[in-house]
$ cat start.txt   # compact mmCIF, C-alpha atoms
# COMPACT_ATOMS: atom_id res chain seq x y z
CA MET U 1 88.80 104.77 62.63
CA SER U 2 89.92 102.67 65.57
CA ASN U 3 93.38 104.27 65.32
CA ASP U 4 91.79 107.70 65.80
CA LEU U 5 89.99 106.50 68.93
CA ASP U 6 93.22 105.10 70.33
CA LYS U 7 95.00 108.41 69.75
CA ASN U 8 92.33 110.27 71.73
CA LYS U 9 92.46 107.98 74.76
CA LYS U 10 94.00 109.47 77.85
CA VAL U 11 96.70 107.14 79.18
CA PRO U 12 97.93 107.95 82.67
CA ASN U 13 101.58 108.84 82.92
CA VAL U 14 102.55 105.92 85.17
CA PRO U 15 106.06 104.47 85.16
CA ASN U 16 106.59 100.75 84.66
CA LEU U 17 106.68 98.73 87.87
CA ARG U 18 110.22 97.96 88.84
CA PHE U 19 111.96 96.18 91.67
CA TYR U 20 115.21 97.10 93.33
CA GLU U 21 116.52 93.69 94.35
CA ASP U 22 119.98 94.44 93.03
CA ILE U 23 120.48 97.61 95.09
CA TRP U 24 118.81 96.59 98.38
CA ASN U 25 120.93 95.14 101.16
CA LYS U 26 119.36 92.15 102.88
CA CYS U 27 119.82 92.15 106.65
CA PHE U 28 118.21 91.29 109.97
CA ILE U 29 116.17 93.84 111.92
CA GLY U 30 118.75 93.62 114.70
CA ASP U 31 121.39 94.90 112.26
CA PHE U 32 119.84 98.39 112.23
CA LEU U 33 117.86 98.78 115.46
CA LYS U 34 117.77 97.98 119.14
CA ILE U 35 114.57 97.61 121.15
CA LYS U 36 114.63 99.64 124.35
CA SER U 37 112.21 99.57 127.27
CA GLY U 38 110.53 102.63 128.74
CA ARG U 39 110.80 103.53 132.42
CA ASP U 40 108.59 104.65 135.25
CA GLN U 41 107.46 108.23 134.61
CA LYS U 42 106.98 109.24 138.25
CA PRO U 43 110.42 110.88 138.64
CA VAL U 44 109.84 113.12 135.59
CA ALA U 45 106.03 113.51 135.58
CA ASN U 46 104.84 117.11 135.63
CA ALA U 47 101.62 118.51 134.13
CA ASN U 48 103.62 121.54 132.93
CA GLY U 49 106.39 119.42 131.38
CA SER U 50 107.62 120.00 127.84
CA TYR U 51 107.59 116.38 126.69
CA ASN U 52 104.80 113.88 126.11
CA VAL U 53 104.72 110.70 128.16
CA TYR U 54 103.54 107.74 126.09
CA GLY U 55 101.91 104.54 127.23
CA THR U 56 100.70 101.70 125.05
CA GLY U 57 97.57 103.65 124.12
CA GLY U 58 99.23 106.99 123.34
CA VAL U 59 99.90 110.15 125.35
CA ILE U 60 99.21 109.72 129.07
CA GLY U 61 100.87 112.82 130.52
CA LYS U 62 103.75 115.28 130.43
CA ALA U 63 107.35 115.08 131.62
CA THR U 64 110.20 117.44 132.44
CA SER U 65 112.74 115.14 130.76
CA TYR U 66 112.82 112.86 127.75
CA ILE U 67 114.00 109.29 127.33
CA TYR U 68 114.71 109.47 123.58
CA ASP U 69 115.02 112.23 121.00
CA SER U 70 115.17 110.62 117.54
CA PRO U 71 112.60 109.10 115.17
CA THR U 72 111.36 105.80 116.57
CA VAL U 73 108.73 103.11 116.32
CA CYS U 74 107.00 102.15 119.57
CA ILE U 75 105.28 98.86 120.34
CA GLY U 76 103.37 97.75 123.42
CA ARG U 77 104.30 94.73 125.46
CA LYS U 78 101.07 92.75 125.42
CA GLY U 79 97.57 93.89 124.43
CA THR U 80 98.74 96.54 121.98
CA ILE U 81 101.75 94.69 120.59
CA ASP U 82 100.07 94.72 117.16
CA CYS U 83 99.56 98.52 117.16
CA PRO U 84 102.98 100.10 116.54
CA PHE U 85 103.18 103.86 116.24
CA TYR U 86 105.79 106.25 114.87
CA LEU U 87 107.24 109.26 116.72
CA GLU U 88 109.51 112.10 115.60
CA GLU U 89 109.70 114.05 118.84
CA LYS U 90 111.52 114.04 122.16
CA PHE U 91 109.43 111.88 124.50
CA TRP U 92 109.28 109.73 127.61
CA CYS U 93 107.66 106.30 127.58
CA VAL U 94 106.50 104.10 130.42
CA ASP U 95 107.78 100.61 131.14
CA THR U 96 104.90 98.89 129.32
CA LEU U 97 106.05 100.38 126.01
CA PHE U 98 109.10 99.57 123.93
CA TYR U 99 110.78 102.05 121.60
CA SER U 100 113.30 101.37 118.86
CA GLN U 101 116.74 102.92 118.70
CA ILE U 102 117.22 103.08 114.92
CA ASN U 103 120.56 103.41 113.16
CA ASN U 104 119.62 106.16 110.67
CA ASP U 105 122.79 105.51 108.65
CA LYS U 106 121.45 102.11 107.59
CA VAL U 107 117.67 102.60 107.24
CA VAL U 108 115.01 105.31 107.05
CA PRO U 109 113.06 105.27 110.36
CA LYS U 110 109.67 105.59 108.66
CA PHE U 111 110.52 102.42 106.71
CA VAL U 112 110.90 100.60 110.05
CA TYR U 113 107.37 101.68 110.98
CA TYR U 114 105.97 100.30 107.72
CA LEU U 115 108.00 97.12 108.23
CA PHE U 116 106.57 96.73 111.76
CA GLU U 117 103.08 97.13 110.30
CA THR U 118 103.66 93.99 108.18
CA ILE U 119 104.67 91.77 111.14
CA ASP U 120 102.04 89.52 112.74
CA TRP U 121 102.87 90.60 116.30
CA LYS U 122 100.01 88.60 117.85
CA LYS U 123 101.89 85.40 116.94
CA LYS U 124 104.74 86.67 119.12
CA ASP U 125 102.51 87.59 122.08
CA GLN U 126 103.56 84.61 124.23
CA SER U 127 105.12 85.71 127.55
CA THR U 128 108.88 85.41 126.82
CA GLY U 129 108.20 85.62 123.07
CA VAL U 130 107.17 89.25 123.46
$ encode --input "start.txt" --output "structure tokens"
Amino acid sequence: MSNDLDKNKKVPNVPNLRFYEDIWNKCFIGDFLKIKSGRDQKPVANANGSYNVYGTGGVIGKATSYIYDSPTVCIGRKGTIDCPFYLEEKFWCVDTLFYSQINNDKVVPKFVYYLFETIDWKKKDQSTGV
């Protein structure tokens, strides 16, 4: 009778857990991205602009020009260093925000965001360490 009960159990169709150590390339973050600094938005600021201006807390205005036009991960310099965010739009960012210039041939940009989420940025929040 126990065999009949086992046959009637619903087993989820879940693949076995597997790891891809043999096909992943190990490298340093600097091998696939560069950290770039934003700039003062005053020369491009315009309420009717087509592009968002980002600060460390998110959108702070509009601009007539953009500083970068590819997928990126942004991180703040100090207080919000541990709150990275991902963008897939043309944008401008102020000088208190860093953005990443990602080599898409080597890594998927969204992966960089998830990688940044695993870093304890507060440990690096020490003046020149930032």
$ closest_residue --input "start.txt" --among "U:Ala45, U:Leu115, U:Cys74, U:Ala63" --to "Phe91 of chain U" --atoms "all atoms listed in the file"
U:Ala63
$ atom_distance --input "start.txt" --atom1 "atom CA of Asp31 of chain U" --atom2 "atom CA of Asp105 of chain U"
11.3 Å
$ closest_residue --input "start.txt" --among "U:Tyr66, U:Gly61, U:Lys110, U:Ile81" --to "Arg39 of chain U" --atoms "all atoms listed in the file"
U:Tyr66
$ closest_residue --input "start.txt" --among "U:Tyr113, U:Trp121, U:Tyr99, U:Tyr68" --to "Thr80 of chain U" --atoms "all atoms listed in the file"
U:Trp121
$ closest_residue --input "start.txt" --among "U:Asn52, U:Asn104, U:Thr72, U:Asn13" --to "Pro84 of chain U" --atoms "only C-alpha atoms"
U:Thr72
$ atom_distance --input "start.txt" --atom1 "atom CA of Gly57 of chain U" --atom2 "atom CA of Val112 of chain U"
19.6 Å
$ closest_residue --input "start.txt" --among "U:Val108, U:Leu87, U:Val53, U:Val73" --to "Lys34 of chain U" --atoms "all atoms listed in the file"
U:Val73
$ closest_residue --input "start.txt" --among "U:Lys122, U:Trp92, U:Gly55, U:Pro43" --to "Gly79 of chain U" --atoms "all atoms listed in the file"
U:Lys122
$ atom_distance --input "start.txt" --atom1 "atom CA of Gln101 of chain U" --atom2 "atom CA of Ser70 of chain U"
7.9 Å
